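Student: Take a look at the following structure, please.
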Amino acid sequence: MTIPDVASHAQVSVTAVSKVIRNAYGVSPAMKDKVKTAIEELGYRPQAVARGMRGRTFTIGLVLPHIRNPFF
């Protein structure tokens with residue numbers, strides 16, 4: 001299950017589902033109940049890998065054309 005699946009089932013936007021999951025400002029109690037019901041019915045579980053991408057990771061990516069070249 002993905003957030004778009006939950007949004008489709010609850011007949012709301014993906015943004016609304018995201019806000020409910022994050023407990024963000026601007027979601028009515030009725031919308032919250034609707035989304036939480038859809039989450040329970042579908043058995044949605046957030047992916048740990050996706051949640052781990054939030055915030056700063058302090059990781060740097062580096063692409064080198066030739067790793068053995070002493071110049072690099």
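Naming works like this for the structure tokens: A, B, ... for the chains as they're shown, residue 1 at the start of each chain, ligands 1 onward in shown order.
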Write out as number ranges by chain the set of residues from chain A that DSSP, computed on the backbone, places in helix (DSSP H, G or I).
Tutor: A: 3-10, 14-22, 29-42, 48-52
Student: Write to file, as a short mmCIF file (atom, residue, chain, number, x, y, z; two decimals), in the first residue's frame, the residues of the selection just made, with N, CA and C atoms.
Tutor:
data_model
loop_
_atom_site.label_atom_id
_atom_site.label_comp_id
_atom_site.auth_asym_id
_atom_site.auth_seq_id
_atom_site.Cartn_x
_atom_site.Cartn_y
_atom_site.Cartn_z
N ILE A 3 0.73 5.81 -0.20
CA ILE A 3 -0.10 6.97 0.16
C ILE A 3 -1.13 7.26 -0.94
N PRO A 4 -0.78 7.19 -2.23
CA PRO A 4 -1.81 7.41 -3.25
C PRO A 4 -2.95 6.37 -3.18
N ASP A 5 -2.64 5.13 -2.79
CA ASP A 5 -3.69 4.12 -2.63
C ASP A 5 -4.63 4.51 -1.50
N VAL A 6 -4.07 4.98 -0.40
CA VAL A 6 -4.90 5.41 0.74
C VAL A 6 -5.75 6.61 0.34
N ALA A 7 -5.15 7.56 -0.38
CA ALA A 7 -5.88 8.76 -0.82
C ALA A 7 -7.04 8.39 -1.73
N SER A 8 -6.80 7.47 -2.65
CA SER A 8 -7.86 7.02 -3.55
C SER A 8 -8.98 6.35 -2.79
N HIS A 9 -8.63 5.49 -1.84
CA HIS A 9 -9.63 4.77 -1.05
C HIS A 9 -10.46 5.73 -0.19
N ALA A 10 -9.80 6.75 0.38
CA ALA A 10 -10.49 7.71 1.23
C ALA A 10 -11.14 8.84 0.43
N VAL A 14 -3.57 13.28 -1.97
CA VAL A 14 -2.36 12.69 -1.40
C VAL A 14 -1.81 13.62 -0.31
N THR A 15 -1.92 14.91 -0.53
CA THR A 15 -1.45 15.89 0.45
C THR A 15 -2.20 15.74 1.76
N ALA A 16 -3.51 15.52 1.68
CA ALA A 16 -4.31 15.35 2.90
C ALA A 16 -3.87 14.12 3.68
N VAL A 17 -3.59 13.03 2.98
CA VAL A 17 -3.12 11.81 3.65
C VAL A 17 -1.77 12.08 4.30
N SER A 18 -0.88 12.75 3.60
CA SER A 18 0.43 13.06 4.14
C SER A 18 0.32 13.91 5.40
N LYS A 19 -0.58 14.90 5.37
CA LYS A 19 -0.77 15.75 6.54
C LYS A 19 -1.31 14.98 7.73
N VAL A 20 -2.22 14.05 7.48
CA VAL A 20 -2.77 13.24 8.58
C VAL A 20 -1.67 12.37 9.18
N ILE A 21 -0.87 11.75 8.33
CA ILE A 21 0.21 10.88 8.81
C ILE A 21 1.21 11.67 9.64
N ARG A 22 1.54 12.89 9.18
CA ARG A 22 2.51 13.72 9.88
C ARG A 22 1.90 14.51 11.03
N PRO A 29 -11.11 17.46 11.66
CA PRO A 29 -11.33 16.18 12.35
C PRO A 29 -12.04 15.14 11.47
N ALA A 30 -12.97 15.60 10.63
CA ALA A 30 -13.69 14.68 9.74
C ALA A 30 -12.72 14.06 8.72
N MET A 31 -11.85 14.88 8.16
CA MET A 31 -10.87 14.39 7.19
C MET A 31 -9.91 13.41 7.88
N LYS A 32 -9.49 13.75 9.09
CA LYS A 32 -8.58 12.89 9.83
C LYS A 32 -9.21 11.52 10.06
N ASP A 33 -10.48 11.49 10.45
CA ASP A 33 -11.18 10.22 10.68
C ASP A 33 -11.30 9.42 9.39
N LYS A 34 -11.62 10.10 8.30
CA LYS A 34 -11.77 9.45 7.00
C LYS A 34 -10.47 8.78 6.56
N VAL A 35 -9.36 9.50 6.70
CA VAL A 35 -8.06 8.97 6.29
C VAL A 35 -7.62 7.85 7.21
N LYS A 36 -7.78 8.02 8.52
CA LYS A 36 -7.38 6.97 9.46
C LYS A 36 -8.18 5.69 9.25
N THR A 37 -9.45 5.82 8.89
CA THR A 37 -10.26 4.64 8.58
C THR A 37 -9.72 3.93 7.35
N ALA A 38 -9.38 4.70 6.31
CA ALA A 38 -8.81 4.11 5.09
C ALA A 38 -7.48 3.43 5.38
N ILE A 39 -6.66 4.03 6.21
CA ILE A 39 -5.37 3.44 6.58
C ILE A 39 -5.58 2.10 7.26
N GLU A 40 -6.53 2.04 8.19
CA GLU A 40 -6.81 0.78 8.90
C GLU A 40 -7.38 -0.28 7.97
N GLU A 41 -8.30 0.11 7.09
CA GLU A 41 -8.93 -0.84 6.17
C GLU A 41 -7.92 -1.44 5.19
N LEU A 42 -6.99 -0.61 4.73
CA LEU A 42 -6.01 -1.08 3.75
C LEU A 42 -4.77 -1.69 4.39
N ALA A 48 10.00 2.16 6.42
CA ALA A 48 11.06 2.66 7.29
C ALA A 48 12.14 3.38 6.48
N VAL A 49 12.44 2.89 5.29
CA VAL A 49 13.46 3.51 4.45
C VAL A 49 13.02 4.91 4.04
N ALA A 50 11.77 5.06 3.66
CA ALA A 50 11.27 6.36 3.24
C ALA A 50 11.26 7.34 4.41
N ARG A 51 10.88 6.88 5.58
CA ARG A 51 10.86 7.74 6.76
C ARG A 51 12.27 8.16 7.15
N GLY A 52 13.24 7.29 6.88
CA GLY A 52 14.62 7.59 7.20
C GLY A 52 15.21 8.68 6.32
#
Student: Calculate how many Å separate atom CA of Phe58 of chain A from atom CA of Thr2 of chain A, rounding to one decimal.
Tutor: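 These two atoms are separated by 27.2 Å.
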Student: Would you mind reading off the distance between atom CA of Arg56 of chain A and atom CA of Ser13 of chain A, one decimal, in Å?
Tutor: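 Atom-to-atom, atom CA of Arg56 of chain A and atom CA of Ser13 of chain A are spaced 27.0 Å apart.
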